[in-house]
Amino acid sequence: MASNYSPKHFNLTFPQEYVAHVEINRPNQLNAFFEAMWLELGTLINQLSIDPSVRAIIISGAGEKAFTAGLDVKAASQGLLSSDSKSCGTDPARKAVHLRREIGSFQDCVSTLEKCEKPVIVAMHGFSLGLAIDLSSAADVRFCAKDTRFAVKEVDIGLAADVGTLSRLPKIVGNFGWVKDVALTARIFGAEEALRVGFVSRVFETKQEAIGGAIELAGLVASKSPVAVQGTKELLNWSRDHTVQDGLRYTTIWNSAALQTSDVQSALLSGIQKRKPTFEKL
């Protein structure tokens, strides 16, 4: 099983073979993020991405109240959103360069979920606000409990969402009108609405059932060829952002290497012999 992990702000467990469960662990603050947390999350996901003992990743939040309430506004007001200009003087261009670097770093940490070689499944519950939408939009599959309360919250703190929601959410749900509705108003929407528009793929009665469903799905994914799973995620994400012809071309190039795997023969033989296939670590 995976080793050499020592996260400070997250609980990391391995509920099944090849399945990693990352739990945001700041329940007394509704799992709100400050800078050290998102940096640590980015590092942790990058480590899990290349760990051969991991084939699928689940992300959830500790406690009963929230998956995450988003950005810790108090901490951000003293850091990223601070009006203190000592570090870059008063020149607007220099302030802009400093902010660009900070925002880019934040974006990169969130994007690790999307870039991760392994599928990432998010199981949400309770308050899932702001950054929760950014994180879950960068994941591959979204489950939630029926008590989940979502919001694209950034306009309520005076800014446009800037770490992924506005770029990814419209492509997930395919409805710009609905995205503008929730992003321009910061209104709360519930699990059933999220399911109806296609933001989440399943709604469960409770948080524990949502996590259980995520573990079951992760276990099923982990039982497949890791070469095939990695390729499928890569090709789907690529095709989402390119034309059909570009997607077909990239698939040709990718599979010209990937089809040489012994996993194809193992999978085919297991079907013929009616047995569960086993695949080498990747």
# chains A, B, ... in the order shown; residues from 1 in each chain; ligands from 1
>>> residues_around(residues="segment 145-152 of chain A", least_positions_apart="5", cutoff="9 Å", atoms="only C-alpha atoms", output="VMD selection string")
chain A and resid 66 to 67 123 to 134 161 165 182 to 192 194 202 to 211
>>> write_last_selection(atoms="N, CA, C and O atoms", output="compact mmCIF listing (two decimals), in the first residue's frame")
# COMPACT_ATOMS: atom_id res chain seq x y z
N ALA A 66 -19.97 20.42 6.47
CA ALA A 66 -19.50 20.95 5.19
C ALA A 66 -18.47 20.06 4.53
O ALA A 66 -17.59 19.50 5.18
N PHE A 67 -18.59 19.95 3.21
CA PHE A 67 -17.49 19.44 2.39
C PHE A 67 -16.38 20.47 2.45
O PHE A 67 -15.27 20.21 2.87
N ALA A 123 -16.97 13.33 -3.14
CA ALA A 123 -18.21 13.04 -2.42
C ALA A 123 -18.51 14.23 -1.50
O ALA A 123 -17.83 14.43 -0.50
N MET A 124 -19.51 15.01 -1.85
CA MET A 124 -19.80 16.26 -1.14
C MET A 124 -21.00 16.13 -0.21
O MET A 124 -21.87 15.29 -0.43
N HIS A 125 -21.03 17.00 0.79
CA HIS A 125 -22.15 17.05 1.71
C HIS A 125 -22.21 18.44 2.32
O HIS A 125 -21.24 19.21 2.25
N GLY A 126 -23.33 18.77 2.94
CA GLY A 126 -23.45 20.04 3.67
C GLY A 126 -23.08 21.23 2.80
O GLY A 126 -23.37 21.28 1.60
N PHE A 127 -22.44 22.22 3.41
CA PHE A 127 -22.03 23.40 2.66
C PHE A 127 -20.91 23.05 1.69
O PHE A 127 -19.87 22.50 2.08
N SER A 128 -21.14 23.34 0.43
CA SER A 128 -20.15 23.11 -0.63
C SER A 128 -20.12 24.37 -1.48
O SER A 128 -20.79 24.47 -2.51
N LEU A 129 -19.37 25.33 -1.00
CA LEU A 129 -19.43 26.69 -1.52
C LEU A 129 -18.12 27.12 -2.15
O LEU A 129 -17.04 26.70 -1.73
N GLY A 130 -18.21 28.01 -3.14
CA GLY A 130 -17.02 28.65 -3.68
C GLY A 130 -15.98 27.66 -4.16
O GLY A 130 -16.14 27.01 -5.20
N LEU A 131 -14.90 27.55 -3.40
CA LEU A 131 -13.81 26.64 -3.75
C LEU A 131 -14.29 25.21 -3.91
O LEU A 131 -13.69 24.43 -4.67
N ALA A 132 -15.35 24.83 -3.22
CA ALA A 132 -15.91 23.48 -3.39
C ALA A 132 -16.32 23.24 -4.84
O ALA A 132 -16.15 22.14 -5.38
N ILE A 133 -16.86 24.27 -5.50
CA ILE A 133 -17.26 24.14 -6.90
C ILE A 133 -16.01 24.07 -7.78
O ILE A 133 -15.96 23.30 -8.74
N ASP A 134 -15.00 24.88 -7.46
CA ASP A 134 -13.74 24.82 -8.21
C ASP A 134 -13.13 23.44 -8.14
O ASP A 134 -12.74 22.86 -9.16
N ALA A 161 -15.07 34.41 -9.74
CA ALA A 161 -14.41 33.14 -9.45
C ALA A 161 -13.22 32.98 -10.39
O ALA A 161 -13.36 33.12 -11.60
N THR A 165 -13.97 27.49 -11.74
CA THR A 165 -15.41 27.30 -11.91
C THR A 165 -15.92 27.89 -13.22
O THR A 165 -16.66 27.24 -13.96
N VAL A 182 -26.37 31.04 -11.53
CA VAL A 182 -25.81 30.77 -10.21
C VAL A 182 -24.54 31.57 -9.93
O VAL A 182 -24.25 31.92 -8.78
N ALA A 183 -23.76 31.89 -10.98
CA ALA A 183 -22.50 32.60 -10.77
C ALA A 183 -22.73 34.10 -10.55
O ALA A 183 -21.98 34.74 -9.79
N LEU A 184 -23.73 34.66 -11.18
CA LEU A 184 -23.98 36.11 -11.04
C LEU A 184 -24.74 36.43 -9.76
O LEU A 184 -24.67 37.56 -9.26
N THR A 185 -25.47 35.47 -9.22
CA THR A 185 -26.29 35.72 -8.03
C THR A 185 -25.69 35.16 -6.75
O THR A 185 -26.05 35.59 -5.66
N ALA A 186 -24.80 34.18 -6.87
CA ALA A 186 -24.25 33.44 -5.71
C ALA A 186 -25.34 32.74 -4.92
O ALA A 186 -25.17 32.44 -3.74
N ARG A 187 -26.45 32.45 -5.58
CA ARG A 187 -27.56 31.82 -4.86
C ARG A 187 -27.23 30.37 -4.52
O ARG A 187 -26.46 29.70 -5.19
N ILE A 188 -27.84 29.91 -3.45
CA ILE A 188 -27.71 28.51 -3.04
C ILE A 188 -28.57 27.63 -3.95
O ILE A 188 -29.70 27.98 -4.29
N PHE A 189 -28.03 26.50 -4.36
CA PHE A 189 -28.84 25.49 -5.05
C PHE A 189 -28.56 24.14 -4.42
O PHE A 189 -27.49 23.90 -3.86
N GLY A 190 -29.54 23.27 -4.50
CA GLY A 190 -29.47 22.01 -3.77
C GLY A 190 -29.05 20.83 -4.62
O GLY A 190 -28.76 20.94 -5.82
N ALA A 191 -29.06 19.67 -3.99
CA ALA A 191 -28.60 18.44 -4.63
C ALA A 191 -29.46 18.06 -5.83
O ALA A 191 -28.94 17.63 -6.87
N GLU A 192 -30.77 18.21 -5.72
CA GLU A 192 -31.64 17.81 -6.81
C GLU A 192 -31.44 18.69 -8.04
O GLU A 192 -31.45 18.21 -9.18
N ALA A 194 -28.62 20.25 -8.72
CA ALA A 194 -27.30 19.87 -9.22
C ALA A 194 -27.37 18.60 -10.06
O ALA A 194 -26.70 18.47 -11.09
N ARG A 202 -24.83 11.47 -9.05
CA ARG A 202 -25.67 10.71 -8.13
C ARG A 202 -25.89 11.49 -6.84
O ARG A 202 -25.00 12.23 -6.39
N VAL A 203 -27.07 11.34 -6.25
CA VAL A 203 -27.40 11.94 -4.97
C VAL A 203 -27.73 10.81 -3.99
O VAL A 203 -28.51 9.91 -4.31
N PHE A 204 -27.13 10.87 -2.80
CA PHE A 204 -27.34 9.84 -1.77
C PHE A 204 -28.05 10.45 -0.57
O PHE A 204 -28.05 11.67 -0.38
N GLU A 205 -28.66 9.59 0.24
CA GLU A 205 -29.41 10.07 1.40
C GLU A 205 -28.51 10.76 2.42
O GLU A 205 -28.89 11.77 3.01
N THR A 206 -27.32 10.23 2.65
CA THR A 206 -26.44 10.75 3.69
C THR A 206 -25.02 10.91 3.18
O THR A 206 -24.66 10.38 2.12
N LYS A 207 -24.22 11.61 3.96
CA LYS A 207 -22.80 11.76 3.65
C LYS A 207 -22.12 10.40 3.57
O LYS A 207 -21.36 10.13 2.63
N GLN A 208 -22.36 9.55 4.56
CA GLN A 208 -21.69 8.26 4.60
C GLN A 208 -22.07 7.40 3.40
O GLN A 208 -21.23 6.66 2.86
N GLU A 209 -23.32 7.50 2.96
CA GLU A 209 -23.73 6.75 1.78
C GLU A 209 -23.05 7.30 0.52
O GLU A 209 -22.70 6.53 -0.38
N ALA A 210 -22.87 8.61 0.48
CA ALA A 210 -22.17 9.21 -0.66
C ALA A 210 -20.72 8.75 -0.72
O ALA A 210 -20.20 8.40 -1.79
N ILE A 211 -20.07 8.71 0.46
CA ILE A 211 -18.69 8.24 0.51
C ILE A 211 -18.63 6.75 0.16
O ILE A 211 -17.75 6.30 -0.58
>>> select_by_dssp(residues="segment 32-74 of chain A", states="helix (DSSP H, G or I)", output="PyMOL selection string")
chain A and resi 35-49+73-74
>>> select_by_dssp(residues="segment 54-123 of chain A", states="strand (DSSP E or B)", output="list of chain:residue names")
A:Ala56, A:Ile57, A:Ile58, A:Ile59, A:Ser60, A:Gly61, A:Ala66, A:Phe67, A:Thr68, A:Leu71, A:Val120, A:Ile121, A:Val122, A:Ala123
>>> atom_distance(atom1="atom CA of Gly231 of chain A", atom2="atom CA of Arg142 of chain A")
19.9 Å
>>> atom_distance(atom1="atom CA of Asp246 of chain A", atom2="atom CA of Lys233 of chain A")
15.9 Å
